[in-house]
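*Asks:* Structure file target37.cif (mmCIF, C-alpha atoms) is given on the next line.
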data_structure
#
loop_
_atom_site.group_PDB
_atom_site.id
_atom_site.type_symbol
_atom_site.label_atom_id
_atom_site.label_comp_id
_atom_site.auth_asym_id
_atom_site.auth_seq_id
_atom_site.Cartn_x
_atom_site.Cartn_y
_atom_site.Cartn_z
ATOM 1 C CA MET I 1044 12.544 0.065 19.664
ATOM 2 C CA ALA I 1045 9.472 -2.156 19.249
ATOM 3 C CA THR I 1046 7.720 0.517 17.163
ATOM 4 C CA ALA I 1047 10.708 0.688 14.826
ATOM 5 C CA LEU I 1048 10.757 -3.103 14.457
ATOM 6 C CA VAL I 1049 7.042 -3.169 13.648
ATOM 7 C CA GLY I 1050 7.654 -0.405 11.101
ATOM 8 C CA ILE I 1051 10.531 -2.268 9.456
ATOM 9 C CA ALA I 1052 8.496 -5.472 9.319
ATOM 10 C CA THR I 1053 5.496 -3.616 7.880
ATOM 11 C CA VAL I 1054 7.498 -1.877 5.158
ATOM 12 C CA THR I 1055 9.179 -5.191 4.277
ATOM 13 C CA ILE I 1056 5.857 -7.039 4.045
ATOM 14 C CA MET I 1057 4.289 -4.231 2.030
ATOM 15 C CA GLY I 1058 7.281 -4.181 -0.320
ATOM 16 C CA LEU I 1059 6.923 -7.916 -0.922
ATOM 17 C CA ILE I 1060 3.186 -7.510 -1.544
ATOM 18 C CA ALA I 1061 3.905 -4.687 -4.011
ATOM 19 C CA LEU I 1062 6.501 -6.798 -5.856
ATOM 20 C CA SER I 1063 4.017 -9.652 -6.101
ATOM 21 C CA ALA I 1064 1.352 -7.303 -7.458
ATOM 22 C CA ASN I 1065 3.865 -5.868 -9.925
ATOM 23 C CA ARG I 1066 4.372 -9.356 -11.356
ATOM 24 C CA ARG I 1067 0.621 -10.004 -11.314
ATOM 25 C CA PHE I 1068 -0.164 -6.822 -13.251
ATOM 26 C CA ALA I 1069 2.978 -6.887 -15.441
ATOM 27 C CA ASP I 1070 0.913 -6.766 -18.618
ATOM 28 C CA LEU I 1071 -0.512 -3.350 -17.653
ATOM 29 C CA ALA I 1072 1.481 -0.163 -18.236
ATOM 30 C CA GLU I 1073 -0.976 1.773 -16.076
ATOM 31 C CA VAL I 1074 -3.272 0.735 -13.243
ATOM 32 C CA PRO I 1075 -6.136 2.592 -11.593
ATOM 33 C CA LEU I 1076 -5.027 4.933 -8.832
ATOM 34 C CA HIS I 1077 -8.411 6.252 -7.798
ATOM 35 C CA PHE I 1078 -11.807 4.585 -7.603
ATOM 36 C CA ASP I 1079 -15.264 6.154 -7.478
ATOM 37 C CA VAL I 1080 -17.693 5.322 -4.696
ATOM 38 C CA ASN I 1081 -19.261 2.614 -6.870
ATOM 39 C CA GLY I 1082 -15.847 0.954 -7.328
ATOM 40 C CA SER I 1083 -15.205 1.981 -10.939
ATOM 41 C CA PRO I 1084 -11.706 3.305 -11.727
ATOM 42 C CA SER I 1085 -11.540 7.027 -12.448
ATOM 43 C CA ARG I 1086 -7.810 7.793 -12.791
ATOM 44 C CA ASN I 1087 -4.840 5.743 -14.004
ATOM 45 C CA THR I 1088 -1.140 6.109 -13.260
ATOM 46 C CA PRO I 1089 2.033 4.182 -14.207
ATOM 47 C CA ARG I 1090 2.084 0.786 -12.506
ATOM 48 C CA HIS I 1091 5.341 1.248 -10.577
ATOM 49 C CA ILE I 1092 4.156 4.537 -9.048
ATOM 50 C CA ALA I 1093 0.744 3.188 -8.072
ATOM 51 C CA LEU I 1094 2.098 -0.004 -6.512
ATOM 52 C CA GLY I 1095 4.936 1.775 -4.714
ATOM 53 C CA PHE I 1096 2.674 4.372 -3.123
ATOM 54 C CA MET I 1097 1.501 2.314 -0.138
ATOM 55 C CA PRO I 1098 4.986 1.106 0.940
ATOM 56 C CA ALA I 1099 6.219 4.708 0.628
ATOM 57 C CA LEU I 1100 3.283 5.870 2.739
ATOM 58 C CA ALA I 1101 4.208 3.298 5.384
ATOM 59 C CA ILE I 1102 7.721 4.762 5.565
ATOM 60 C CA LEU I 1103 6.255 8.253 5.935
ATOM 61 C CA VAL I 1104 4.022 7.010 8.761
ATOM 62 C CA PHE I 1105 6.519 4.912 10.707
ATOM 63 C CA VAL I 1106 9.631 7.107 10.686
ATOM 64 C CA PRO I 1107 8.092 9.979 12.671
ATOM 65 C CA PHE I 1108 5.971 7.534 14.666
ATOM 66 C CA ALA I 1109 9.035 5.603 15.824
ATOM 67 C CA LEU I 1110 11.056 8.764 16.495
ATOM 68 C CA PHE I 1111 8.520 10.980 18.228
ATOM 69 C CA ALA I 1112 5.660 8.841 19.545
ATOM 70 C CA PRO I 1113 6.761 5.219 20.017
ATOM 71 C CA ASN I 1114 3.816 3.088 21.024
ATOM 72 C CA LEU I 1115 3.601 -0.636 20.295
ATOM 73 C CA LEU I 1116 -0.187 -0.826 20.235
ATOM 74 C CA GLY I 1117 -0.415 2.174 17.914
ATOM 75 C CA ALA I 1118 2.276 0.701 15.664
ATOM 76 C CA LEU I 1119 0.402 -2.595 15.419
ATOM 77 C CA PHE I 1120 -2.828 -0.769 14.593
ATOM 78 C CA ALA I 1121 -1.083 1.362 11.944
ATOM 79 C CA SER I 1122 0.580 -1.736 10.505
ATOM 80 C CA GLY I 1123 -2.674 -3.652 10.186
ATOM 81 C CA SER I 1124 -4.442 -0.658 8.673
ATOM 82 C CA LEU I 1125 -1.729 -0.010 6.086
ATOM 83 C CA ILE I 1126 -1.401 -3.645 5.027
ATOM 84 C CA GLY I 1127 -5.192 -4.028 4.892
ATOM 85 C CA ALA I 1128 -5.532 -0.900 2.755
ATOM 86 C CA GLN I 1129 -2.831 -2.136 0.389
ATOM 87 C CA LEU I 1130 -4.536 -5.514 -0.013
ATOM 88 C CA LEU I 1131 -7.875 -3.791 -0.624
ATOM 89 C CA TYR I 1132 -6.279 -1.553 -3.257
ATOM 90 C CA HIS I 1133 -4.724 -4.522 -5.073
ATOM 91 C CA TRP I 1134 -8.047 -6.356 -4.931
ATOM 92 C CA LEU I 1135 -9.769 -3.327 -6.489
ATOM 93 C CA ILE I 1136 -7.162 -3.221 -9.272
ATOM 94 C CA GLY I 1137 -7.722 -6.898 -10.017
ATOM 95 C CA ARG I 1138 -11.469 -6.448 -9.969
ATOM 96 C CA SER I 1139 -11.303 -3.549 -12.442
ATOM 97 C CA GLN I 1140 -9.597 -5.706 -15.104
#
Here is the file; what I need is its structure written in the form of structure tokens.
*Replies:*
Amino acid sequence: MATALVGIATVTIMGLIALSANRRFADLAEVPLHFDVNGSPSRNTPRHIALGFMPALAILVFVPFALFAPNLLGALFASGSLIGAQLLYHWLIGRSQ
């Protein structure tokens, strides 16, 4: 039960972060999806797909995690990693502008 609650909270937070980024980058039809090792963007995709990818990934991580391997510590680690990766990705998008 705790793993599911962490998953729901994570997806909710990530959705709110994605909505905020969507408003922030509203003037861009496409945003970088992939970055080279030196940080330069190498592939663009429509904004709504790129910004929705991380929340969708969180759903794909937490549904089986909560159903088949519930573990609070693992859920907290996964949550922090996913949110941190999303924030890093949005920072990279902003830096590439």
*Asks:* Given the file above and the PyMOL selection byres ((chain I and resi 1088-1097) around 12), which residues are selected, and can you give them as number ranges by chain?
*Replies:* I: 1053-1077, 1084-1087, 1098-1104, 1122, 1124-1133, 1136
*Asks:* Using all atoms listed in the file, which residues sit within 12 Å of Phe1111 of chain I once same-chain residues fewer than 6 positions away are excluded, as JSON, numbers by chain?
*Replies:* {"I": [1044, 1046, 1047, 1104, 1105]}
*Asks:* Calculate how many Å separate atom CA of Ala1121 of chain I from atom CA of Trp1134 of chain I, rounding to one decimal.
*Replies:*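 Atom CA of Trp1134 of chain I lies 19.8 Å from atom CA of Ala1121 of chain I.
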*Asks:* Figure out the distance between atom CA of Leu1135 of chain I and atom CA of Ala1118 of chain I, please, to one decimal in Å.
*Replies:*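 About the pair atom CA of Ala1118 of chain I and atom CA of Leu1135 of chain I: they are 25.5 Å apart.
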*Asks:* If I take atom CA of Gly1123 of chain I and atom CA of Val1049 of chain I, how far is one from the other in Å, to one decimal?
*Replies:* 10.3 Å
*Asks:* I'd like the box whose edges run along x, y and z of the file and which contains every listed atom of segment 1073-1080 of chain I, padded by 3 Å per side; could you state its centre and edge lengths in Å, one decimal, as lines of an AutoDock Vina configuration file?
*Replies:*
center_x = -9.3
center_y = 3.5
center_z = -10.4
size_x = 22.7
size_y = 11.5
size_z = 17.4
